[in-house]
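Asks: The structure file final08.pdb (PDB, C-alpha atoms, pLDDT in the B column) is provided below.
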ATOM      1  CA  MET A 286       0.000   0.000   0.000  1.00 48.00           C
ATOM      2  CA  GLU A 287       1.298   3.449  -0.878  1.00 53.00           C
ATOM      3  CA  PRO A 288       2.098   5.707   2.095  1.00 56.00           C
ATOM      4  CA  HIS A 289      -0.058   8.604   0.852  1.00 54.00           C
ATOM      5  CA  LYS A 290      -3.075   6.622  -0.202  1.00 57.00           C
ATOM      6  CA  LYS A 291      -6.109   7.224   2.027  1.00 60.00           C
ATOM      7  CA  VAL A 292      -7.903   4.154   3.359  1.00 55.00           C
ATOM      8  CA  ARG A 293     -11.554   4.226   2.303  1.00 65.00           C
ATOM      9  CA  PHE A 294     -12.851   2.008   5.083  1.00 61.00           C
ATOM     10  CA  PRO A 295     -10.619   2.317   8.145  1.00 62.00           C
ATOM     11  CA  HIS A 296     -10.946   0.195  11.257  1.00 66.00           C
ATOM     12  CA  LYS A 297     -12.730  -2.688   9.515  1.00 71.00           C
ATOM     13  CA  SER A 298     -11.743  -5.178  12.207  1.00 75.00           C
ATOM     14  CA  LYS A 299     -13.041  -2.960  14.996  1.00 74.00           C
ATOM     15  CA  ILE A 300     -16.306  -2.250  13.197  1.00 74.00           C
ATOM     16  CA  PHE A 301     -17.028  -5.847  12.318  1.00 77.00           C
ATOM     17  CA  GLY A 302     -15.896  -6.947  15.776  1.00 79.00           C
ATOM     18  CA  VAL A 303     -18.388  -4.616  17.446  1.00 76.00           C
ATOM     19  CA  LEU A 304     -21.084  -5.564  14.932  1.00 78.00           C
ATOM     20  CA  PHE A 305     -20.641  -9.301  15.498  1.00 82.00           C
ATOM     21  CA  MET A 306     -20.549  -8.835  19.274  1.00 83.00           C
ATOM     22  CA  LEU A 307     -23.741  -6.780  19.142  1.00 81.00           C
ATOM     23  CA  ILE A 308     -25.536  -9.289  16.930  1.00 81.00           C
ATOM     24  CA  GLY A 309     -24.269 -12.189  19.049  1.00 85.00           C
ATOM     25  CA  SER A 310     -25.431 -10.499  22.269  1.00 82.00           C
ATOM     26  CA  ALA A 311     -28.851  -9.781  20.797  1.00 80.00           C
ATOM     27  CA  MET A 312     -29.260 -13.335  19.520  1.00 82.00           C
ATOM     28  CA  LEU A 313     -28.089 -14.719  22.872  1.00 84.00           C
ATOM     29  CA  LEU A 314     -30.806 -12.694  24.628  1.00 79.00           C
ATOM     30  CA  TYR A 315     -33.325 -14.326  22.270  1.00 80.00           C
ATOM     31  CA  THR A 316     -32.021 -17.904  22.343  1.00 83.00           C
ATOM     32  CA  THR A 317     -31.690 -17.979  26.155  1.00 83.00           C
ATOM     33  CA  GLY A 318     -35.270 -16.774  26.537  1.00 80.00           C
ATOM     34  CA  VAL A 319     -34.383 -13.510  28.278  1.00 77.00           C
ATOM     35  CA  LEU A 320     -36.195 -11.760  25.435  1.00 76.00           C
ATOM     36  CA  PRO A 321     -38.783 -14.326  24.330  1.00 75.00           C
ATOM     37  CA  LYS A 322     -40.025 -12.422  21.275  1.00 79.00           C
ATOM     38  CA  MET A 323     -37.759 -11.517  18.381  1.00 78.00           C
ATOM     39  CA  TYR A 324     -39.349  -8.060  18.012  1.00 79.00           C
ATOM     40  CA  ASP A 325     -38.092  -7.196  21.521  1.00 79.00           C
ATOM     41  CA  LEU A 326     -34.706  -6.757  19.834  1.00 80.00           C
ATOM     42  CA  TRP A 327     -35.780  -3.594  17.938  1.00 86.00           C
ATOM     43  CA  PRO A 328     -33.595  -1.345  20.173  1.00 87.00           C
ATOM     44  CA  VAL A 329     -30.540  -2.931  18.547  1.00 85.00           C
ATOM     45  CA  ILE A 330     -31.379  -0.903  15.421  1.00 87.00           C
ATOM     46  CA  VAL A 331     -31.363   2.322  17.477  1.00 90.00           C
ATOM     47  CA  LEU A 332     -28.083   1.270  19.058  1.00 88.00           C
ATOM     48  CA  LEU A 333     -26.547   0.519  15.645  1.00 88.00           C
ATOM     49  CA  PHE A 334     -27.639   3.902  14.305  1.00 89.00           C
ATOM     50  CA  GLY A 335     -25.898   5.617  17.211  1.00 89.00           C
ATOM     51  CA  LEU A 336     -22.754   3.570  16.658  1.00 87.00           C
ATOM     52  CA  VAL A 337     -22.754   4.517  12.963  1.00 86.00           C
ATOM     53  CA  LEU A 338     -22.951   8.216  13.879  1.00 87.00           C
ATOM     54  CA  LEU A 339     -20.089   7.822  16.349  1.00 84.00           C
ATOM     55  CA  TYR A 340     -18.065   5.936  13.743  1.00 82.00           C
ATOM     56  CA  PHE A 341     -18.445   8.770  11.256  1.00 83.00           C
ATOM     57  CA  VAL A 342     -17.277  11.293  13.840  1.00 81.00           C
ATOM     58  CA  PHE A 343     -14.313   9.361  15.236  1.00 77.00           C
ATOM     59  CA  ALA A 344     -13.095   7.442  12.184  1.00 74.00           C
ATOM     60  CA  LYS A 345     -14.199   9.546   9.250  1.00 72.00           C
ATOM     61  CA  GLY A 346     -13.815  13.022  10.772  1.00 75.00           C
ATOM     62  CA  ALA A 347     -17.457  14.024  10.387  1.00 73.00           C
ATOM     63  CA  TYR A 348     -18.807  17.082  12.147  1.00 78.00           C
ATOM     64  CA  GLU A 349     -18.714  16.858  15.933  1.00 78.00           C
ATOM     65  CA  VAL A 350     -22.373  17.867  16.026  1.00 81.00           C
ATOM     66  CA  TYR A 351     -23.109  14.164  15.384  1.00 84.00           C
ATOM     67  CA  LEU A 352     -21.546  13.211  18.735  1.00 84.00           C
ATOM     68  CA  PHE A 353     -24.586  14.137  20.826  1.00 85.00           C
ATOM     69  CA  PRO A 354     -27.151  12.205  18.754  1.00 88.00           C
ATOM     70  CA  GLY A 355     -24.696   9.317  18.428  1.00 88.00           C
ATOM     71  CA  PHE A 356     -24.243   9.042  22.194  1.00 86.00           C
ATOM     72  CA  LEU A 357     -27.981   9.559  22.722  1.00 88.00           C
ATOM     73  CA  PHE A 358     -29.004   6.783  20.315  1.00 91.00           C
ATOM     74  CA  VAL A 359     -26.475   4.378  21.816  1.00 89.00           C
ATOM     75  CA  ILE A 360     -27.633   5.064  25.370  1.00 86.00           C
ATOM     76  CA  ILE A 361     -31.326   4.945  24.445  1.00 87.00           C
ATOM     77  CA  GLY A 362     -30.824   1.678  22.550  1.00 88.00           C
ATOM     78  CA  VAL A 363     -29.103   0.100  25.550  1.00 84.00           C
ATOM     79  CA  SER A 364     -31.790   1.496  27.879  1.00 83.00           C
ATOM     80  CA  PHE A 365     -34.626   0.014  25.815  1.00 84.00           C
ATOM     81  CA  ILE A 366     -32.864  -3.345  25.683  1.00 82.00           C
ATOM     82  CA  ILE A 367     -32.622  -3.264  29.485  1.00 80.00           C
ATOM     83  CA  ILE A 368     -36.286  -2.179  29.751  1.00 80.00           C
ATOM     84  CA  ASN A 369     -37.296  -5.107  27.517  1.00 79.00           C
ATOM     85  CA  ILE A 370     -35.374  -7.452  29.814  1.00 79.00           C
ATOM     86  CA  LEU A 371     -37.070  -6.121  32.968  1.00 75.00           C
ATOM     87  CA  PRO A 372     -40.138  -7.951  34.225  1.00 73.00           C
ATOM     88  CA  PRO A 373     -43.533  -6.618  33.100  1.00 71.00           C
ATOM     89  CA  SER A 374     -44.225  -5.351  36.628  1.00 69.00           C
ATOM     90  CA  VAL A 375     -41.772  -2.481  35.997  1.00 69.00           C
ATOM     91  CA  GLU A 376     -43.872   0.151  34.265  1.00 75.00           C
ATOM     92  CA  LEU A 377     -42.409   2.682  31.869  1.00 72.00           C
ATOM     93  CA  ARG A 378     -44.337   5.499  33.555  1.00 76.00           C
ATOM     94  CA  ARG A 379     -42.346   4.838  36.731  1.00 79.00           C
ATOM     95  CA  ILE A 380     -38.901   4.892  35.148  1.00 80.00           C
ATOM     96  CA  TRP A 381     -39.376   7.790  32.699  1.00 85.00           C
ATOM     97  CA  PRO A 382     -36.648   9.885  34.382  1.00 88.00           C
ATOM     98  CA  VAL A 383     -34.122   7.353  33.073  1.00 85.00           C
ATOM     99  CA  PHE A 384     -34.630   8.900  29.628  1.00 84.00           C
ATOM    100  CA  MET A 385     -33.806  12.337  31.039  1.00 89.00           C
ATOM    101  CA  ILE A 386     -30.658  10.794  32.503  1.00 89.00           C
ATOM    102  CA  ASN A 387     -29.849   9.392  29.039  1.00 84.00           C
ATOM    103  CA  ALA A 388     -30.107  12.858  27.514  1.00 86.00           C
ATOM    104  CA  GLY A 389     -28.013  14.354  30.316  1.00 88.00           C
ATOM    105  CA  VAL A 390     -25.277  11.724  29.970  1.00 86.00           C
ATOM    106  CA  SER A 391     -25.223  12.184  26.188  1.00 83.00           C
ATOM    107  CA  LEU A 392     -24.909  15.943  26.596  1.00 84.00           C
ATOM    108  CA  LEU A 393     -22.196  15.417  29.213  1.00 86.00           C
ATOM    109  CA  LEU A 394     -20.149  13.183  26.894  1.00 82.00           C
ATOM    110  CA  TYR A 395     -20.634  15.658  24.064  1.00 81.00           C
ATOM    111  CA  GLY A 396     -19.605  18.534  26.342  1.00 83.00           C
ATOM    112  CA  TYR A 397     -16.419  16.812  27.466  1.00 82.00           C
ATOM    113  CA  SER A 398     -15.444  16.323  23.824  1.00 79.00           C
ATOM    114  CA  MET A 399     -15.529  20.095  23.256  1.00 77.00           C
ATOM    115  CA  LYS A 400     -12.811  22.658  23.794  1.00 78.00           C
ATOM    116  CA  LYS A 401     -12.573  24.344  27.196  1.00 75.00           C
ATOM    117  CA  GLU A 402     -14.438  27.489  26.113  1.00 73.00           C
ATOM    118  CA  LYS A 403     -17.510  25.586  24.900  1.00 77.00           C
ATOM    119  CA  ARG A 404     -17.294  22.753  27.425  1.00 80.00           C
ATOM    120  CA  ILE A 405     -18.753  24.656  30.381  1.00 79.00           C
ATOM    121  CA  ASN A 406     -21.802  25.688  28.318  1.00 82.00           C
ATOM    122  CA  LEU A 407     -22.737  22.025  27.897  1.00 82.00           C
ATOM    123  CA  VAL A 408     -21.401  20.330  31.022  1.00 85.00           C
ATOM    124  CA  ILE A 409     -23.329  22.454  33.547  1.00 85.00           C
ATOM    125  CA  PRO A 410     -26.726  21.935  31.847  1.00 88.00           C
ATOM    126  CA  ALA A 411     -25.920  18.233  31.456  1.00 88.00           C
ATOM    127  CA  TRP A 412     -25.215  17.824  35.177  1.00 89.00           C
ATOM    128  CA  SER A 413     -28.378  19.841  35.931  1.00 89.00           C
ATOM    129  CA  ILE A 414     -30.486  17.527  33.774  1.00 91.00           C
ATOM    130  CA  ILE A 415     -28.963  14.440  35.401  1.00 92.00           C
ATOM    131  CA  LEU A 416     -29.502  15.809  38.920  1.00 91.00           C
ATOM    132  CA  LEU A 417     -33.083  16.826  38.177  1.00 90.00           C
ATOM    133  CA  ALA A 418     -33.810  13.420  36.635  1.00 91.00           C
ATOM    134  CA  LEU A 419     -32.381  11.636  39.679  1.00 91.00           C
ATOM    135  CA  ILE A 420     -34.645  13.721  41.926  1.00 90.00           C
ATOM    136  CA  PHE A 421     -37.661  12.867  39.756  1.00 89.00           C
ATOM    137  CA  LEU A 422     -36.643   9.207  39.800  1.00 88.00           C
ATOM    138  CA  LEU A 423     -36.730   9.193  43.608  1.00 89.00           C
ATOM    139  CA  PHE A 424     -40.362  10.321  43.500  1.00 88.00           C
ATOM    140  CA  SER A 425     -41.301   8.112  40.552  1.00 86.00           C
ATOM    141  CA  LEU A 426     -40.014   4.960  42.268  1.00 83.00           C
ATOM    142  CA  ASP A 427     -41.707   5.964  45.563  1.00 83.00           C
ATOM    143  CA  ILE A 428     -38.399   6.134  47.414  1.00 86.00           C
ATOM    144  CA  ILE A 429     -39.577   9.505  48.691  1.00 86.00           C
ATOM    145  CA  LYS A 430     -43.130   8.925  49.888  1.00 86.00           C
ATOM    146  CA  MET A 431     -44.211  12.595  50.022  1.00 86.00           C
ATOM    147  CA  SER A 432     -45.677  14.288  46.965  1.00 86.00           C
ATOM    148  CA  PHE A 433     -43.301  16.286  44.818  1.00 83.00           C
ATOM    149  CA  LEU A 434     -45.335  19.462  45.373  1.00 87.00           C
ATOM    150  CA  SER A 435     -45.186  19.185  49.164  1.00 86.00           C
ATOM    151  CA  VAL A 436     -41.404  18.715  49.049  1.00 83.00           C
ATOM    152  CA  VAL A 437     -40.994  21.729  46.744  1.00 83.00           C
ATOM    153  CA  ARG A 438     -43.133  23.893  49.061  1.00 85.00           C
ATOM    154  CA  VAL A 439     -40.774  23.207  51.961  1.00 84.00           C
ATOM    155  CA  TRP A 440     -37.366  22.945  50.283  1.00 82.00           C
ATOM    156  CA  TRP A 441     -37.502  25.552  47.461  1.00 82.00           C
ATOM    157  CA  PRO A 442     -35.200  27.992  49.355  1.00 86.00           C
ATOM    158  CA  LEU A 443     -32.362  25.520  48.718  1.00 84.00           C
ATOM    159  CA  ILE A 444     -32.246  26.967  45.199  1.00 81.00           C
ATOM    160  CA  PHE A 445     -31.049  30.271  46.651  1.00 85.00           C
ATOM    161  CA  LEU A 446     -28.463  28.531  48.823  1.00 87.00           C
ATOM    162  CA  VAL A 447     -27.043  26.505  45.926  1.00 82.00           C
ATOM    163  CA  PHE A 448     -27.035  29.461  43.538  1.00 80.00           C
ATOM    164  CA  GLY A 449     -25.386  31.672  46.159  1.00 84.00           C
ATOM    165  CA  GLY A 450     -22.775  28.990  46.804  1.00 84.00           C
ATOM    166  CA  PHE A 451     -21.967  28.783  43.090  1.00 79.00           C
ATOM    167  CA  LEU A 452     -21.615  32.560  42.854  1.00 80.00           C
ATOM    168  CA  LEU A 453     -19.428  32.691  45.953  1.00 85.00           C
ATOM    169  CA  GLY A 454     -17.262  29.802  44.751  1.00 80.00           C
ATOM    170  CA  GLU A 455     -16.884  31.349  41.307  1.00 77.00           C
ATOM    171  CA  SER A 456     -15.916  34.668  42.886  1.00 78.00           C
ATOM    172  CA  LEU A 457     -13.298  33.026  45.119  1.00 79.00           C
ATOM    173  CA  LEU A 458     -11.848  31.004  42.243  1.00 75.00           C
ATOM    174  CA  ARG A 459     -11.634  34.060  40.009  1.00 74.00           C
ATOM    175  CA  LYS A 460      -9.466  35.914  42.565  1.00 68.00           C
ATOM    176  CA  LYS A 461      -6.925  33.065  42.587  1.00 60.00           C
TER     177      LYS A 461
END
Translate the structure described by the file into structure tokens.
Replies:
Amino acid sequence: MEPHKKVRFPHKSKIFGVLFMLIGSAMLLYTTGVLPKMYDLWPVIVLLFGLVLLYFVFAKGAYEVYLFPGFLFVIIGVSFIIINILPPSVELRRIWPVFMINAGVSLLLYGYSMKKEKRINLVIPAWSIILLALIFLLFSLDIIKMSFLSVVRVWWPLIFLVFGGFLLGESLLRKK
């Protein structure tokens, strides 16, 4: 192969390795009876789409704007596979904050891939989404027995304390 010739399809072994592992894992879920119906494997398509987007960014040099949807599709695909594995007693309306966590984690991964100047604009909202989703999850799973509204009525002043702490911390760090 000539030294200056560009490879049209780089990382073939990695791509086919991941593809075969993904197909093998999906088929194993079906053949072992963990997912008794073949159509329960539909999230694998979502997962593959996300992996294709990530491949184009990392191997082909596509625009980094595809990172967020790539991460999101991968995480959502994995989440739906896990949801399909869960027993029917686990209702989707009780675990909906998991999808907010998926979006937050995707935004977090996308933010950390950015340069320092842009990173903070994505990382802080990502952590906020994750934190808010975890709070909602506590109520959705009945870990906190009180209603969300009654908790907000009592604890809403914490917003001022947290915001004031951030401002104070930022001010102290700026002086150093």
Asks: Could you please determine the separation between atom CA of Leu452 of chain A and atom CA of Leu394 of chain A in Å, to one decimal place?
Replies: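 According to the coordinates, atom CA of Leu452 of chain A and atom CA of Leu394 of chain A are separated by 25.1 Å.
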Asks: Using only C-alpha atoms, which protein or nucleic acid residues come within 12 Å of Pro321 of chain A? Drop anything in the same chain fewer than 4 positions from it, and give the result as an MDAnalysis selection string.
Replies: chainID A and resid 311:317 325:326 369:370 372
Asks: Between A:Ile415, A:Leu357, A:Ile429, A:Leu336, which residue has the minimum interatomic distance to Ile386 of chain A, considering all atoms listed in the file?
Replies: A:Ile415
Asks: If you count only C-alpha atoms, which residues fall within 10 Å of Phe433 of chain A, apart from same-chain ones fewer than 4 positions away, as a VMD selection string?
Replies: chain A and resid 420 to 421 423 to 425 429 437 to 438
Asks: Check which residues satisfy the PyMOL selection byres ((chain A and resi 339-347) around 12) in the file shown, then give them as an MDAnalysis selection string.
Replies: chainID A and resid 291:297 299:301 303:304 332:338 348:359 391 394:395 398
Asks: Once 5 Å is added on each side, what are the centre and the three edge lengths, in Å to one decimal, of the axis-aligned box enclosing the listed atoms of segment 404-412 of chain A? Present them as lines of an AutoDock Vina configuration file.
Replies:
center_x = -22.0
center_y = 21.8
center_z = 31.3
size_x = 19.4
size_y = 17.9
size_z = 17.8
Asks: What is the atom CA of Gly362 of chain A to atom CA of Leu320 of chain A distance in Å?
Replies: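 Those two atoms sit 14.8 Å apart.
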Asks: Could N, CA and C atoms be built for segment 407-438 of chain A and written out as a PDB file, keeping the file's coordinate frame?
Replies:
ATOM      1  N   LEU A 407     -22.008  23.279  28.050  1.00 82.00           N
ATOM      2  CA  LEU A 407     -22.737  22.025  27.897  1.00 82.00           C
ATOM      3  C   LEU A 407     -22.688  21.152  29.147  1.00 82.00           C
ATOM      4  N   VAL A 408     -21.578  21.208  29.863  1.00 85.00           N
ATOM      5  CA  VAL A 408     -21.401  20.330  31.022  1.00 85.00           C
ATOM      6  C   VAL A 408     -22.332  20.721  32.176  1.00 85.00           C
ATOM      7  N   ILE A 409     -22.455  22.025  32.446  1.00 85.00           N
ATOM      8  CA  ILE A 409     -23.329  22.454  33.547  1.00 85.00           C
ATOM      9  C   ILE A 409     -24.792  22.098  33.282  1.00 85.00           C
ATOM     10  N   PRO A 410     -25.343  22.386  32.095  1.00 88.00           N
ATOM     11  CA  PRO A 410     -26.726  21.935  31.847  1.00 88.00           C
ATOM     12  C   PRO A 410     -26.869  20.409  31.886  1.00 88.00           C
ATOM     13  N   ALA A 411     -25.846  19.700  31.433  1.00 88.00           N
ATOM     14  CA  ALA A 411     -25.920  18.233  31.456  1.00 88.00           C
ATOM     15  C   ALA A 411     -26.019  17.728  32.889  1.00 88.00           C
ATOM     16  N   TRP A 412     -25.149  18.245  33.773  1.00 89.00           N
ATOM     17  CA  TRP A 412     -25.215  17.824  35.177  1.00 89.00           C
ATOM     18  C   TRP A 412     -26.541  18.242  35.808  1.00 89.00           C
ATOM     19  N   SER A 413     -27.082  19.392  35.402  1.00 89.00           N
ATOM     20  CA  SER A 413     -28.378  19.841  35.931  1.00 89.00           C
ATOM     21  C   SER A 413     -29.498  18.884  35.514  1.00 89.00           C
ATOM     22  N   ILE A 414     -29.474  18.465  34.267  1.00 91.00           N
ATOM     23  CA  ILE A 414     -30.486  17.527  33.774  1.00 91.00           C
ATOM     24  C   ILE A 414     -30.377  16.195  34.527  1.00 91.00           C
ATOM     25  N   ILE A 415     -29.162  15.711  34.700  1.00 92.00           N
ATOM     26  CA  ILE A 415     -28.963  14.440  35.401  1.00 92.00           C
ATOM     27  C   ILE A 415     -29.446  14.540  36.844  1.00 92.00           C
ATOM     28  N   LEU A 416     -29.084  15.620  37.530  1.00 91.00           N
ATOM     29  CA  LEU A 416     -29.502  15.809  38.920  1.00 91.00           C
ATOM     30  C   LEU A 416     -31.015  15.905  39.037  1.00 91.00           C
ATOM     31  N   LEU A 417     -31.628  16.688  38.160  1.00 90.00           N
ATOM     32  CA  LEU A 417     -33.083  16.826  38.177  1.00 90.00           C
ATOM     33  C   LEU A 417     -33.761  15.483  37.899  1.00 90.00           C
ATOM     34  N   ALA A 418     -33.235  14.731  36.954  1.00 91.00           N
ATOM     35  CA  ALA A 418     -33.810  13.420  36.635  1.00 91.00           C
ATOM     36  C   ALA A 418     -33.672  12.459  37.809  1.00 91.00           C
ATOM     37  N   LEU A 419     -32.548  12.501  38.501  1.00 91.00           N
ATOM     38  CA  LEU A 419     -32.381  11.636  39.679  1.00 91.00           C
ATOM     39  C   LEU A 419     -33.383  11.997  40.774  1.00 91.00           C
ATOM     40  N   ILE A 420     -33.638  13.293  40.953  1.00 90.00           N
ATOM     41  CA  ILE A 420     -34.645  13.721  41.926  1.00 90.00           C
ATOM     42  C   ILE A 420     -36.019  13.205  41.516  1.00 90.00           C
ATOM     43  N   PHE A 421     -36.369  13.372  40.240  1.00 89.00           N
ATOM     44  CA  PHE A 421     -37.661  12.867  39.756  1.00 89.00           C
ATOM     45  C   PHE A 421     -37.760  11.352  39.902  1.00 89.00           C
ATOM     46  N   LEU A 422     -36.654  10.666  39.685  1.00 88.00           N
ATOM     47  CA  LEU A 422     -36.643   9.207  39.800  1.00 88.00           C
ATOM     48  C   LEU A 422     -36.945   8.764  41.233  1.00 88.00           C
ATOM     49  N   LEU A 423     -36.443   9.516  42.205  1.00 89.00           N
ATOM     50  CA  LEU A 423     -36.730   9.193  43.608  1.00 89.00           C
ATOM     51  C   LEU A 423     -38.229   9.251  43.892  1.00 89.00           C
ATOM     52  N   PHE A 424     -38.913  10.216  43.313  1.00 88.00           N
ATOM     53  CA  PHE A 424     -40.362  10.321  43.500  1.00 88.00           C
ATOM     54  C   PHE A 424     -41.099   9.282  42.666  1.00 88.00           C
ATOM     55  N   SER A 425     -40.641   9.046  41.460  1.00 86.00           N
ATOM     56  CA  SER A 425     -41.301   8.112  40.552  1.00 86.00           C
ATOM     57  C   SER A 425     -41.255   6.677  41.072  1.00 86.00           C
ATOM     58  N   LEU A 426     -40.156   6.318  41.725  1.00 83.00           N
ATOM     59  CA  LEU A 426     -40.014   4.960  42.268  1.00 83.00           C
ATOM     60  C   LEU A 426     -40.525   4.856  43.707  1.00 83.00           C
ATOM     61  N   ASP A 427     -41.149   5.913  44.209  1.00 83.00           N
ATOM     62  CA  ASP A 427     -41.707   5.964  45.563  1.00 83.00           C
ATOM     63  C   ASP A 427     -40.654   5.765  46.649  1.00 83.00           C
ATOM     64  N   ILE A 428     -39.433   6.161  46.379  1.00 86.00           N
ATOM     65  CA  ILE A 428     -38.399   6.134  47.414  1.00 86.00           C
ATOM     66  C   ILE A 428     -38.671   7.259  48.402  1.00 86.00           C
ATOM     67  N   ILE A 429     -39.088   8.408  47.858  1.00 86.00           N
ATOM     68  CA  ILE A 429     -39.577   9.505  48.691  1.00 86.00           C
ATOM     69  C   ILE A 429     -41.100   9.407  48.658  1.00 86.00           C
ATOM     70  N   LYS A 430     -41.693   9.202  49.808  1.00 86.00           N
ATOM     71  CA  LYS A 430     -43.130   8.925  49.888  1.00 86.00           C
ATOM     72  C   LYS A 430     -43.995  10.177  49.776  1.00 86.00           C
ATOM     73  N   MET A 431     -43.438  11.351  50.089  1.00 86.00           N
ATOM     74  CA  MET A 431     -44.211  12.595  50.022  1.00 86.00           C
ATOM     75  C   MET A 431     -44.453  12.969  48.561  1.00 86.00           C
ATOM     76  N   SER A 432     -45.445  13.822  48.331  1.00 86.00           N
ATOM     77  CA  SER A 432     -45.677  14.288  46.965  1.00 86.00           C
ATOM     78  C   SER A 432     -44.590  15.294  46.585  1.00 86.00           C
ATOM     79  N   PHE A 433     -44.330  15.382  45.312  1.00 83.00           N
ATOM     80  CA  PHE A 433     -43.301  16.286  44.818  1.00 83.00           C
ATOM     81  C   PHE A 433     -43.634  17.728  45.195  1.00 83.00           C
ATOM     82  N   LEU A 434     -44.908  18.100  45.068  1.00 87.00           N
ATOM     83  CA  LEU A 434     -45.335  19.462  45.373  1.00 87.00           C
ATOM     84  C   LEU A 434     -45.108  19.817  46.843  1.00 87.00           C
ATOM     85  N   SER A 435     -45.393  18.893  47.740  1.00 86.00           N
ATOM     86  CA  SER A 435     -45.186  19.185  49.164  1.00 86.00           C
ATOM     87  C   SER A 435     -43.701  19.326  49.502  1.00 86.00           C
ATOM     88  N   VAL A 436     -42.849  18.580  48.831  1.00 83.00           N
ATOM     89  CA  VAL A 436     -41.404  18.715  49.049  1.00 83.00           C
ATOM     90  C   VAL A 436     -40.911  20.059  48.509  1.00 83.00           C
ATOM     91  N   VAL A 437     -41.399  20.453  47.330  1.00 83.00           N
ATOM     92  CA  VAL A 437     -40.994  21.729  46.744  1.00 83.00           C
ATOM     93  C   VAL A 437     -41.438  22.892  47.627  1.00 83.00           C
ATOM     94  N   ARG A 438     -42.644  22.815  48.187  1.00 85.00           N
ATOM     95  CA  ARG A 438     -43.133  23.893  49.061  1.00 85.00           C
ATOM     96  C   ARG A 438     -42.217  24.125  50.251  1.00 85.00           C
TER      97      ARG A 438
END
